[in-house]
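Asker: For reference, this is target_23.cif, and it has mmCIF, C-alpha atoms.
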```
data_my_file
loop_
_atom_site.label_atom_id
_atom_site.label_comp_id
_atom_site.auth_asym_id
_atom_site.auth_seq_id
_atom_site.Cartn_x
_atom_site.Cartn_y
_atom_site.Cartn_z
CA MET A 70 -12.83 22.99 -27.12
CA ASP A 71 -14.42 20.33 -24.92
CA VAL A 72 -15.73 17.64 -27.28
CA GLN A 73 -17.76 16.07 -24.52
CA ALA A 74 -19.67 19.34 -24.08
CA LEU A 75 -21.00 19.20 -27.63
CA PRO A 76 -24.65 18.23 -27.98
CA SER A 77 -25.39 14.69 -29.10
CA PHE A 78 -26.49 14.64 -32.74
CA ALA A 79 -29.07 11.97 -31.91
CA ALA A 80 -30.49 14.02 -29.04
CA VAL A 81 -30.75 17.19 -31.16
CA LEU A 82 -32.40 15.30 -34.01
CA ASP A 83 -34.85 13.55 -31.71
CA GLN A 84 -35.76 16.86 -30.07
CA LEU A 85 -36.41 18.48 -33.44
CA CYS A 86 -38.40 15.51 -34.70
CA SER A 87 -40.55 15.54 -31.56
CA ALA A 88 -41.47 19.21 -31.87
CA LYS A 89 -44.62 20.27 -33.68
CA ARG A 90 -44.03 21.57 -37.19
CA ALA A 91 -45.16 25.07 -38.03
CA GLY A 92 -48.42 24.84 -39.96
CA ALA A 93 -48.78 21.09 -39.46
CA GLY A 94 -49.71 20.95 -35.79
CA ARG A 95 -47.80 17.72 -35.25
CA PRO A 96 -44.20 16.44 -35.33
CA TYR A 97 -42.50 14.80 -38.28
CA SER A 98 -42.87 11.03 -38.44
CA ASN A 99 -39.80 9.01 -39.37
CA VAL A 100 -41.52 8.09 -42.63
CA GLU A 101 -42.23 11.73 -43.53
CA LEU A 102 -38.75 12.93 -42.66
CA GLY A 103 -37.14 10.03 -44.50
CA HIS A 104 -39.22 10.80 -47.57
CA ALA A 105 -38.26 14.48 -47.35
CA ILE A 106 -34.53 13.76 -47.61
CA GLY A 107 -34.64 10.57 -49.67
CA VAL A 108 -33.76 7.92 -47.06
CA THR A 109 -35.68 5.12 -45.35
CA HIS A 110 -37.70 5.61 -42.18
CA SER A 111 -35.53 2.99 -40.48
CA TYR A 112 -32.42 5.06 -41.18
CA ILE A 113 -34.07 8.08 -39.52
CA ALA A 114 -35.00 5.89 -36.55
CA HIS A 115 -31.40 4.70 -36.23
CA LEU A 116 -30.12 8.29 -36.38
CA ARG A 117 -32.53 9.37 -33.65
CA LYS A 118 -31.36 6.55 -31.40
CA GLY A 119 -27.66 7.14 -32.07
CA ARG A 120 -27.21 3.82 -33.84
CA ARG A 121 -25.98 5.35 -37.11
CA GLU A 122 -23.42 8.04 -37.80
CA PRO A 123 -24.65 10.79 -40.16
CA THR A 124 -22.55 12.29 -42.91
CA LEU A 125 -22.14 15.99 -43.56
CA GLN A 126 -24.58 15.71 -46.48
CA THR A 127 -27.17 14.05 -44.23
CA VAL A 128 -26.88 16.89 -41.72
CA LEU A 129 -27.35 19.46 -44.49
CA ALA A 130 -30.33 17.57 -45.87
CA LEU A 131 -32.04 17.18 -42.47
CA SER A 132 -31.66 20.86 -41.65
CA GLU A 133 -33.97 21.92 -44.49
CA PRO A 134 -37.25 20.18 -43.58
CA LEU A 135 -36.53 20.71 -39.88
CA ASP A 136 -35.98 24.42 -40.61
CA VAL A 137 -32.76 24.84 -38.62
CA HIS A 138 -29.26 25.84 -39.52
CA PRO A 139 -27.06 22.74 -40.02
CA ALA A 140 -24.65 24.23 -37.47
CA PHE A 141 -27.35 23.71 -34.83
CA PHE A 142 -26.55 19.98 -34.80
CA VAL A 143 -23.04 20.76 -33.50
CA GLY A 144 -23.84 23.52 -31.03
CA GLY A 145 -24.05 26.42 -33.49
CA ARG A 146 -26.75 28.88 -34.50
CA ARG A 147 -30.33 27.74 -35.00
CA ASP A 148 -31.77 30.20 -37.52
CA ARG A 149 -31.06 29.46 -41.17
CA THR A 150 -29.09 31.95 -43.28
CA PRO A 151 -29.25 32.78 -47.02
CA ASP A 152 -25.72 31.51 -47.73
CA LEU A 153 -26.50 27.81 -47.22
CA PRO A 154 -25.06 25.31 -48.00
CA GLY A 155 -21.85 27.34 -48.28
CA ARG A 156 -18.42 26.40 -49.58
CA PRO A 157 -17.46 22.74 -50.07
CA PHE A 158 -15.94 20.96 -47.09
CA ALA A 159 -12.59 20.55 -48.90
CA VAL A 160 -12.25 24.32 -49.35
CA LYS A 161 -12.74 25.03 -45.65
CA LEU A 162 -10.48 22.17 -44.55
CA ASN A 163 -7.71 23.37 -46.84
CA ARG A 164 -8.07 26.87 -45.41
CA LEU A 165 -7.42 25.48 -41.93
CA PHE A 166 -4.37 23.61 -43.20
CA SER A 167 -3.01 26.81 -44.73
CA LEU A 168 -3.72 29.02 -41.72
CA VAL A 169 -2.97 26.83 -38.69
CA HIS A 170 0.52 25.49 -38.20
CA PRO A 171 3.30 25.69 -35.61
CA PRO A 172 5.24 29.00 -35.59
CA GLY A 173 8.08 29.04 -38.07
CA GLN A 174 6.99 25.79 -39.71
CA GLY A 175 5.19 24.99 -42.93
CA GLU A 176 1.90 23.21 -43.43
CA ILE A 177 1.49 20.16 -41.25
CA THR A 178 0.85 16.70 -42.62
CA PRO A 179 -2.32 14.57 -42.52
CA GLU A 180 -0.37 12.18 -40.30
CA ALA A 181 0.22 14.96 -37.79
CA VAL A 182 -3.45 15.89 -37.71
CA ALA A 183 -4.44 12.24 -37.32
CA ALA A 184 -2.04 11.99 -34.37
CA VAL A 185 -3.66 15.02 -32.72
CA VAL A 186 -7.09 13.46 -33.15
CA ARG A 187 -5.85 10.19 -31.68
CA ARG A 188 -4.44 11.94 -28.63
CA ARG A 189 -7.79 13.66 -28.11
CA ALA A 190 -9.51 10.28 -28.34
CA GLU A 191 -7.23 8.95 -25.64
CA ALA A 192 -7.91 12.03 -23.49
CA ILE A 193 -11.68 11.54 -23.61
CA GLY A 194 -11.49 7.74 -23.41
CA ASP A 195 -13.09 7.10 -26.81
CA ASP A 196 -10.88 4.90 -28.98
CA GLY A 197 -13.41 5.11 -31.82
CA TRP A 198 -12.89 8.86 -32.21
CA THR A 199 -10.11 8.67 -34.79
CA ILE A 200 -9.41 9.51 -38.42
CA ALA A 201 -6.88 8.03 -40.84
CA PRO A 202 -4.36 10.15 -42.78
CA ASN A 203 -5.66 8.78 -46.08
CA THR A 204 -9.19 9.81 -45.11
CA ILE A 205 -7.90 13.35 -44.52
CA ARG A 206 -6.21 13.35 -47.94
CA ASP A 207 -9.45 12.26 -49.61
CA LEU A 208 -11.32 15.03 -47.82
CA ARG A 209 -8.77 17.66 -48.82
CA SER A 210 -8.82 16.63 -52.47
CA GLY A 211 -12.61 16.52 -52.62
CA LYS A 212 -12.58 12.83 -53.46
CA ASN A 213 -14.80 12.40 -50.41
CA PRO A 214 -17.08 15.48 -50.28
CA SER A 215 -19.27 14.27 -47.42
CA PRO A 216 -17.33 13.10 -44.34
CA LYS A 217 -18.89 11.45 -41.34
CA LEU A 218 -20.00 13.95 -38.73
CA LYS A 219 -17.53 12.51 -36.21
CA HIS A 220 -14.72 13.33 -38.65
CA VAL A 221 -16.03 16.86 -39.15
CA ILE A 222 -15.94 17.37 -35.39
CA ALA A 223 -12.55 15.69 -34.97
CA LEU A 224 -10.89 17.84 -37.62
CA ALA A 225 -12.39 21.06 -36.29
CA VAL A 226 -11.20 20.32 -32.77
CA ALA A 227 -7.73 19.32 -34.00
CA PHE A 228 -7.35 22.77 -35.57
CA GLY A 229 -8.79 24.57 -32.54
CA ALA A 230 -12.01 25.61 -34.31
CA GLU A 231 -15.65 25.11 -33.43
CA PRO A 232 -17.29 22.28 -35.43
CA ALA A 233 -19.87 24.84 -36.59
CA TYR A 234 -17.02 26.34 -38.68
CA PHE A 235 -17.71 23.74 -41.37
CA PHE A 236 -21.43 24.61 -41.54
CA ASP A 237 -21.67 28.34 -40.82
CA GLU A 238 -20.18 30.71 -43.43
CA GLU A 239 -20.40 33.78 -41.19
CA LEU A 240 -18.55 31.99 -38.39
CA ALA A 241 -16.04 30.59 -40.89
CA ALA A 242 -15.29 34.08 -42.23
CA ARG A 243 -14.63 35.37 -38.72
CA VAL A 244 -12.44 32.41 -37.83
CA GLU A 245 -10.40 32.69 -41.02
CA GLU A 246 -9.85 36.42 -40.58
CA GLN A 247 -8.70 35.90 -37.01
CA LEU A 248 -6.36 33.13 -38.11
CA GLU A 249 -4.97 35.37 -40.82
CA THR A 250 -4.39 38.05 -38.18
CA HIS A 251 -2.62 35.55 -35.96
CA GLN A 252 -0.48 34.42 -38.89
CA THR A 253 0.38 38.02 -39.79
CA MET A 254 1.44 38.74 -36.23
CA GLU A 255 3.66 35.66 -36.26
CA ARG A 256 5.31 36.89 -39.46
CA LEU A 257 5.87 40.30 -37.87
CA GLY A 258 7.60 38.57 -34.99
CA VAL A 259 5.73 40.51 -32.31
CA ASN A 260 3.34 37.94 -30.83
CA GLU A 261 5.66 36.82 -28.05
CA VAL A 262 6.54 40.40 -27.13
CA ILE A 263 2.86 41.38 -27.13
CA LEU A 264 1.95 38.57 -24.77
CA ARG A 265 4.60 39.70 -22.29
CA ALA A 266 3.78 43.38 -22.66
CA THR A 267 0.04 42.93 -22.12
CA ALA A 268 0.21 40.31 -19.37
CA THR A 269 -0.73 42.89 -16.74
CA SER A 270 -2.87 45.06 -19.04
CA PRO A 271 -5.28 42.71 -20.86
CA SER A 272 -7.82 45.31 -22.02
CA ALA A 273 -8.38 45.55 -25.78
CA GLU A 274 -7.57 49.28 -25.79
CA VAL A 275 -4.24 48.83 -24.03
CA ARG A 276 -3.37 45.81 -26.14
CA THR A 277 -4.01 47.75 -29.35
CA LYS A 278 -1.83 50.66 -28.24
CA VAL A 279 1.00 48.34 -27.25
CA VAL A 280 0.82 46.42 -30.50
CA LEU A 281 0.78 49.56 -32.65
CA ALA A 282 3.78 50.94 -30.78
CA LEU A 283 5.69 47.69 -31.20
CA VAL A 284 4.89 47.43 -34.88
CA ARG A 285 5.94 51.02 -35.56
CA ALA A 286 9.26 50.29 -33.84
CA LEU A 287 9.89 46.84 -35.30
CA ARG A 288 8.23 47.07 -38.72
CA PRO A 289 7.79 50.73 -39.70
CA GLU A 290 6.83 49.74 -43.24
CA ILE A 291 3.57 48.11 -42.03
CA GLU A 292 0.43 50.20 -42.48
CA SER A 293 -0.85 51.04 -39.00
CA GLU A 294 -4.47 51.50 -40.05
CA GLU A 295 -4.63 48.04 -41.61
CA LEU A 296 -3.10 46.52 -38.49
CA ARG A 297 -5.54 48.46 -36.27
CA ARG A 298 -8.47 47.05 -38.26
CA LEU A 299 -7.19 43.51 -37.78
CA LEU A 300 -6.58 44.03 -34.09
CA GLU A 301 -10.19 45.05 -33.58
CA GLN A 302 -11.21 41.46 -34.32
CA PRO A 303 -12.08 39.40 -31.20
CA ALA A 304 -9.24 37.15 -30.14
CA LEU A 305 -9.46 33.58 -31.38
CA ASP A 306 -8.86 30.91 -28.77
CA LEU A 307 -6.19 28.66 -30.26
CA SER A 308 -5.63 26.71 -27.06
CA GLY A 309 -5.78 23.03 -27.78
CA ALA A 310 -4.99 23.42 -31.46
CA LEU A 311 -2.01 21.75 -33.07
CA GLY A 312 0.46 22.83 -30.43
CA GLU A 313 4.04 23.99 -30.56
CA GLY A 314 5.41 21.41 -32.95
CA GLU A 315 4.33 18.70 -35.31
CA PRO A 316 3.54 15.43 -33.51
CA GLU A 317 5.30 12.20 -34.31
CA VAL A 318 4.10 10.78 -37.61
CA ILE A 319 1.91 7.72 -37.21
CA ARG A 320 1.27 4.97 -39.69
CA ASP A 321 -1.54 5.23 -42.17
CA GLU A 322 -4.65 3.27 -41.34
CA ALA A 323 -7.29 1.95 -43.68
CA ALA A 324 -9.69 4.77 -44.46
CA ASP A 325 -12.89 4.30 -42.51
#
```
As structure tokens, what does this structure read like?
Answerer:
Amino acid sequence: MDVQALPSFAAVLDQLCSAKRAGAGRPYSNVELGHAIGVTHSYIAHLRKGRREPTLQTVLALSEPLDVHPAFFVGGRRDRTPDLPGRPFAVKLNRLFSLVHPPGQGEITPEAVAAVVRRRAEAIGDDGWTIAPNTIRDLRSGKNPSPKLKHVIALAVAFGAEPAYFFDEELAARVEEQLETHQTMERLGVNEVILRATATSPSAEVRTKVVLALVRALRPEIESEELRRLLEQPALDLSGALGEGEPEVIRDEAAD
């Protein structure tokens, strides 16, 4: 995903704060919004101008009085859903660690993820867009339950997911099911064959028929109906995720 295409948190917040509230006839003032989420008006002002970096908890808190889904701040849905706030950040991050890794290899390390994030920072020319391995460990363990928004975005992009994954339970469920499908296909050993076989016939119907035929031939013990159900899921774009192999381990940095 193109990080630079994501909306600016400050711009989204300022737009929402400038809009008239339903039933009030006027926008939120910084004082009113600060009071609503338990912070100072100056902090709200700094957020609106991009001078402060919000945490995940701040995004969740702001979404309530502004009546938007927290995913809206990172390019996701606007309308709120009944399942908010959803699972803890650590649970979702650990799911990505368990489901996204190079073919034939085990779970990658925090150092490898930090290296991916650093390479992305170099690619977009932003040397401040980094995360330390120890920060990742603290997030996985739940020691730090509310990461900075820039770290939420960095980790999502490193794993090839939309940042809204960490805010939107419906999206997260779809992503995880697609990743499980991808992982299952890797275990079956048919992904590479499928890609070759469907290169000139990319339609979903043709792809499904080819896959079912291959599975019946290569793994007759697999239930075809279960595989058909999984194949009906939209394909997940894993381009730009962790890549073919684990990157070179980098040194730990002080957690920021």
Asker: Expressed in Å to a single decimal, how great is the separation between CA of Pro179 (chain A) and CA of Arg206 (chain A)?
Answerer: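 For CA of Pro179 (chain A) relative to CA of Arg206 (chain A), the distance reads 6.8 Å.
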Asker: Taking the file as I've supplied it (selection: the PyMOL selection byres ((chain A and resi 132) around 12)), which residues are included? Please answer as a PyMOL selection string.
Answerer: chain A and resi 81-82+85-86+102+105-106+125-131+133-143+146-150+153-154+236
Asker: Please produce a file of the residues just selected, as a PDB file, in the coordinates of the input, where the atoms kept are C-alpha atoms.
Answerer:
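Final output, out-v2.pdb:
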```pdb
ATOM      1  CA  VAL A  81     -30.750  17.190 -31.160  1.00  0.00           C
ATOM      2  CA  LEU A  82     -32.400  15.300 -34.010  1.00  0.00           C
ATOM      3  CA  LEU A  85     -36.410  18.480 -33.440  1.00  0.00           C
ATOM      4  CA  CYS A  86     -38.400  15.510 -34.700  1.00  0.00           C
ATOM      5  CA  LEU A 102     -38.750  12.930 -42.660  1.00  0.00           C
ATOM      6  CA  ALA A 105     -38.260  14.480 -47.350  1.00  0.00           C
ATOM      7  CA  ILE A 106     -34.530  13.760 -47.610  1.00  0.00           C
ATOM      8  CA  LEU A 125     -22.140  15.990 -43.560  1.00  0.00           C
ATOM      9  CA  GLN A 126     -24.580  15.710 -46.480  1.00  0.00           C
ATOM     10  CA  THR A 127     -27.170  14.050 -44.230  1.00  0.00           C
ATOM     11  CA  VAL A 128     -26.880  16.890 -41.720  1.00  0.00           C
ATOM     12  CA  LEU A 129     -27.350  19.460 -44.490  1.00  0.00           C
ATOM     13  CA  ALA A 130     -30.330  17.570 -45.870  1.00  0.00           C
ATOM     14  CA  LEU A 131     -32.040  17.180 -42.470  1.00  0.00           C
ATOM     15  CA  GLU A 133     -33.970  21.920 -44.490  1.00  0.00           C
ATOM     16  CA  PRO A 134     -37.250  20.180 -43.580  1.00  0.00           C
ATOM     17  CA  LEU A 135     -36.530  20.710 -39.880  1.00  0.00           C
ATOM     18  CA  ASP A 136     -35.980  24.420 -40.610  1.00  0.00           C
ATOM     19  CA  VAL A 137     -32.760  24.840 -38.620  1.00  0.00           C
ATOM     20  CA  HIS A 138     -29.260  25.840 -39.520  1.00  0.00           C
ATOM     21  CA  PRO A 139     -27.060  22.740 -40.020  1.00  0.00           C
ATOM     22  CA  ALA A 140     -24.650  24.230 -37.470  1.00  0.00           C
ATOM     23  CA  PHE A 141     -27.350  23.710 -34.830  1.00  0.00           C
ATOM     24  CA  PHE A 142     -26.550  19.980 -34.800  1.00  0.00           C
ATOM     25  CA  VAL A 143     -23.040  20.760 -33.500  1.00  0.00           C
ATOM     26  CA  ARG A 146     -26.750  28.880 -34.500  1.00  0.00           C
ATOM     27  CA  ARG A 147     -30.330  27.740 -35.000  1.00  0.00           C
ATOM     28  CA  ASP A 148     -31.770  30.200 -37.520  1.00  0.00           C
ATOM     29  CA  ARG A 149     -31.060  29.460 -41.170  1.00  0.00           C
ATOM     30  CA  THR A 150     -29.090  31.950 -43.280  1.00  0.00           C
ATOM     31  CA  LEU A 153     -26.500  27.810 -47.220  1.00  0.00           C
ATOM     32  CA  PRO A 154     -25.060  25.310 -48.000  1.00  0.00           C
ATOM     33  CA  PHE A 236     -21.430  24.610 -41.540  1.00  0.00           C
TER      34      PHE A 236
END
```
Asker: List as a short mmCIF file (atom, residue, chain, number, x, y, z; two decimals) with C-alpha atoms, keeping the file's coordinate frame the protein and nucleic acid residues near Thr199 (chain A), meaning an atom at most 6 Å away when all atoms listed in the file are counted, but skip any in the same chain fewer than 2 places from it.
Answerer:
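Heads up, here's the output in out.cif:
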```cif
data_model
loop_
_atom_site.label_atom_id
_atom_site.label_comp_id
_atom_site.auth_asym_id
_atom_site.auth_seq_id
_atom_site.Cartn_x
_atom_site.Cartn_y
_atom_site.Cartn_z
CA VAL A 186 -7.09 13.46 -33.15
CA ARG A 187 -5.85 10.19 -31.68
CA GLY A 197 -13.41 5.11 -31.82
#
```
Asker: For Ala225 (chain A), which residue out of A:Arg90, A:Phe158, A:Arg121, A:Glu239 is the nearest one, using all atoms listed in the file?
Answerer: A:Phe158
Asker: From the set A:Lys89, A:His220, A:Arg117, A:His251, which residue has the shortest atom-to-atom contact distance to Leu162 (chain A), counting all atoms listed in the file?
Answerer: A:His220
